[in-house]
Each structure stands twice: as structure tokens, then as C-alpha cells.
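First the structure, in the form of C-alpha cells, and then the observations on it.
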Amino acid sequence: MARFLTIPKTGEAVYREKMSRFLAFAIPVSTPEEAKETIALYANEYHDARHVCWAYMVGADRLTYLSSDNGEPSGTAGKPILGQINSLGLTDLVVIVVRYFGGIKLGTSGLIVAYREAARMALEDAGTVEGREMSSLSFTFPYLAMNEVMRIVKAYGASEPVRIASQEFDNTCAITLSLPLDLRQELYDRINGIPGTSVSG
């Protein structure tokens with residue numbers, strides 16, 4: 001699966017229930033490490049809050065995810081947050097909900113509703129965008145083939161998210177492209193068809 005839904009920017013929302021305030025943030029991330037670093041940053045920023053609960057999902061296959069109730073009763077925070085990510089079919093994001101306790105207990109069902117709503121509002125604020133699983137393609141070619149190679153690269157770059165990640169021009173030239181995984185084979189075949197080129201990977 002090379003295409004997926006994600007969020008294009010950070011979304012924010014505030015949900016209030018019986019004096020408790022829930023600050024929700026939906027943030028784009030691309031790895032579990034990035035998600036954990038983001039959670040740590042928000043936990044540090046809102047260190048005075050009673051709870052900093054979260055859920056993340058990464059990868060086009062949507063198989064890498066984790067959630068935390070951070071001290072709330074089991075299943076009342078992380079799961080409802082993750083449930084909102086799932087219901088929208090999103091990936092490559094972390095949703096963090098910070099709770100400032102207002103002195104009135106909400107009960108299990110009240111907490112589930114509050115965390116679910118806060119997460120939903122932040123995701124709504126962030127919007128959705130189609131993401132594409134990216135890959136890379138490296139190849140070498142003789143200087144004489146430069147025009148032909150660059151014509152192909154530019155043609156794809158004009159209409160698709162294909163960009164040059166690194167390039168080296170000498171007697172033998174080398175280029176590494178960053179490109180959507182679903183275009184990789186097609187570009188591989190096009191470049192490989194140019195005399196003197198050598199495509200690796």
C-alpha cells in the first residue's frame with residue numbers, strides 16, 4: 001500500500017467538561033521515535049497538567065501504533081484517542097491530549113467521551129491529506145547521458161513528488177532520487193533503459 005491518509009499540519013482544540021480542560025494536539029510524525037520525542041516535548045511543556053495522554057500510528061500499513069492513559073483509568077484515554085485516528089483511517093501522526101483537572105470527577109464513560117471528543121476536534125482542525133510511501137533510487141550514468149537523464153527526472157518532478165536527494169557530476173555522474181514507492185519500478189525501468197546507466201537497488 002503506497003498511498004495513505006495523514007494530516008498536513010498540527011491541529012489544536014480545547015474541550016471543556018465539568019471544570020476539566022482538555023487541550024488536544026494532532027501532530028504529523030513519520031517514525032515511532034519522532035512520535036515519542038514529540039510526546040516528551042509536550043509532557044515537558046505541560047508538566048503542571050494532571051495527565052498527558054496520547055496515541056500514535058505510523059507507517060503506510062498502519063501496523064505500528066501505541067497509546068497511553070498516563071495515569072487515567074485503564075482504557076479511558078489512550079484507546080479513545082487511538083479510536084479517532086482509526087475511525088478516520090489516518091497514519092503518520094501522534095495525538096496528545098493534556099488534561100487539567102477541574103475538581104469534579106468525570107467517571108469512566110465521561111473520560112472516554114472527553115478524550116474522544118478532544119482528539120476528534122484536534123484531528124478536524126488538522127485536516128487530511130493523501131500521503132505516499134516514499135522510497136529512494138540511486139544510479140550512475142556517463143556525463144554524455146546527462147541531458148536524457150535530467151529530462152526524465154524533470155518530467156516526473158513536474159507532476160509527481162520526485163526530487164533529487166543528492167547529485168554528483170563528473171565523468172561518471174551519480175544521482176539519488178527521493179520518490180513515491182509506487183513510481184519506483186517505472187522510473188527504474190526508464191533510467192535503466194539509457195545506455196551506460198547503472199541503477200542500484
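By convention in this document, the chains of the C-alpha cells carry letters A, B, ... by their order, each chain's residues are numbered from 1, and ligands are numbered from 1 in the order they are shown.
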List the neighbours of region 144-150 of chain A out to 8 Å using only C-alpha atoms; skip same-chain residues closer than 2 positions along the sequence, and give me the result as a ChimeraX atom specification.
-> /A:141-142,152-154,173,191,194-196
Near region 14-28 of chain A, 10 Å: region 46-85 of chain A residue rows, closest pairs, only C-alpha atoms, as a tab-separated table:
```
residue	atom	partner	partner_atom	distance
A:Tyr46	CA	A:Leu23	CA	9.9
A:Ala49	CA	A:Arg21	CA	9.7
A:His51	CA	A:Phe22	CA	9.5
A:Val52	CA	A:Leu23	CA	9.3
A:Cys53	CA	A:Ala24	CA	9.5
A:Trp54	CA	A:Ala24	CA	9.3
A:Ala55	CA	A:Ala26	CA	9.7
A:Tyr56	CA	A:Ile27	CA	9.4
A:Met57	CA	A:Pro28	CA	10.0
A:Val58	CA	A:Pro28	CA	9.5
A:Ile81	CA	A:Ala24	CA	9.9
A:Ile85	CA	A:Ala26	CA	9.7
```
Just the strand (DSSP E or B) stuff from region 22-175 of chain A, please, per backbone DSSP, written as number ranges by chain.
-> A: 22-28, 51-58, 64-68, 90, 93-100, 129-132, 134-142, 163-168, 172-175
May I have the residues within 12 Å of Gly78 (chain A) as number ranges by chain, using only C-alpha atoms and disregarding those fewer than 6 positions away in the same chain?
-> A: 51-57, 65-72, 84-85, 94-98, 111-116, 118-119
Sel. of helix (DSSP H, G or I) residues, region 74-114 of chain A, as a list in words =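 Written out, the helix (DSSP H, G or I) residues of region 74-114 of chain A are Gly78, Lys79, Pro80, Ile81, Leu82, Gly83, Gln84, Ile85, Asn86, Ser87, Gly107, Thr108, Ser109, Gly110, Leu111, Ile112, Val113 and Ala114 of chain A.
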Take CA of Asn192 (chain A) and CA of Phe139 (chain A) and report the distance between them in Å, one decimal.
->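 For CA of Asn192 (chain A) relative to CA of Phe139 (chain A), the distance reads 8.6 Å.
Remark: for Ser138 (chain A), the closest of the candidate residues A:Arg151, A:Arg120, A:Arg184, A:His47 is A:Arg184 (distances computed over only C-alpha atoms).
If you look at CA of Gly110 (chain A) and CA of Val29 (chain A), they are 29.1 Å away from each other.
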Straight-line distance linking CA of Leu187 (chain A) with CA of Val162 (chain A), stated in Å to one decimal = 10.1 Å
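Considering only C-alpha atoms, the residue among A:Thr197, A:Ser30, A:Thr140, A:Thr64 positioned nearest to Asp170 (chain A) is A:Thr140.
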What lies within 9 Å of Pro8 (chain A) using only C-alpha atoms, ignoring chain neighbours under 5 positions off, as JSON, numbers by chain?
-> {"A": [27, 28, 126, 127, 128, 129, 130, 131]}
Skipping near chain neighbours, those fewer than 5 positions away, what residues fall within 12 Å of Gln185 (chain A) using only C-alpha atoms, listed as an mmCIF file with N, CA, C and O atoms, in the first residue's frame?
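Just written: around01.cif:
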```
data_model
loop_
_atom_site.group_PDB
_atom_site.id
_atom_site.type_symbol
_atom_site.label_atom_id
_atom_site.label_comp_id
_atom_site.auth_asym_id
_atom_site.auth_seq_id
_atom_site.Cartn_x
_atom_site.Cartn_y
_atom_site.Cartn_z
ATOM 1 N N SER A 135 10.351 6.267 -1.263
ATOM 2 C CA SER A 135 11.477 5.359 -1.439
ATOM 3 C C SER A 135 12.629 6.164 -2.038
ATOM 4 O O SER A 135 12.493 7.363 -2.269
ATOM 5 N N SER A 136 13.750 5.507 -2.290
ATOM 6 C CA SER A 136 14.843 6.220 -2.969
ATOM 7 C C SER A 136 15.383 5.341 -4.097
ATOM 8 O O SER A 136 15.201 4.119 -4.096
ATOM 9 N N LEU A 137 16.019 5.991 -5.046
ATOM 10 C CA LEU A 137 16.570 5.294 -6.215
ATOM 11 C C LEU A 137 17.901 5.961 -6.542
ATOM 12 O O LEU A 137 17.957 7.166 -6.769
ATOM 13 N N LEU A 179 11.444 9.460 -4.110
ATOM 14 C CA LEU A 179 10.267 9.340 -4.968
ATOM 15 C C LEU A 179 9.216 8.431 -4.319
ATOM 16 O O LEU A 179 9.547 7.622 -3.456
ATOM 17 N N PRO A 180 7.959 8.577 -4.726
ATOM 18 C CA PRO A 180 6.918 7.700 -4.195
ATOM 19 C C PRO A 180 7.208 6.245 -4.571
ATOM 20 O O PRO A 180 7.638 5.961 -5.694
ATOM 21 N N ARG A 190 12.822 3.245 -16.753
ATOM 22 C CA ARG A 190 13.142 4.357 -17.672
ATOM 23 C C ARG A 190 14.633 4.702 -17.634
ATOM 24 O O ARG A 190 15.278 4.854 -18.671
ATOM 25 N N ILE A 191 15.163 4.820 -16.409
ATOM 26 C CA ILE A 191 16.579 5.199 -16.257
ATOM 27 C C ILE A 191 17.477 4.056 -16.744
ATOM 28 O O ILE A 191 18.490 4.274 -17.407
ATOM 29 N N ASN A 192 17.105 2.850 -16.400
ATOM 30 C CA ASN A 192 17.910 1.669 -16.748
ATOM 31 C C ASN A 192 17.994 1.482 -18.259
ATOM 32 O O ASN A 192 18.908 0.841 -18.765
ATOM 33 N N VAL A 199 21.750 1.306 -12.306
ATOM 34 C CA VAL A 199 20.815 1.624 -11.227
ATOM 35 C C VAL A 199 21.049 0.645 -10.080
ATOM 36 O O VAL A 199 21.080 -0.569 -10.290
ATOM 37 N N GLY A 201 19.834 -0.932 -6.434
ATOM 38 C CA GLY A 201 18.667 -1.105 -5.561
ATOM 39 C C GLY A 201 17.359 -1.110 -6.318
ATOM 40 O O GLY A 201 17.240 -0.714 -7.421
#
```
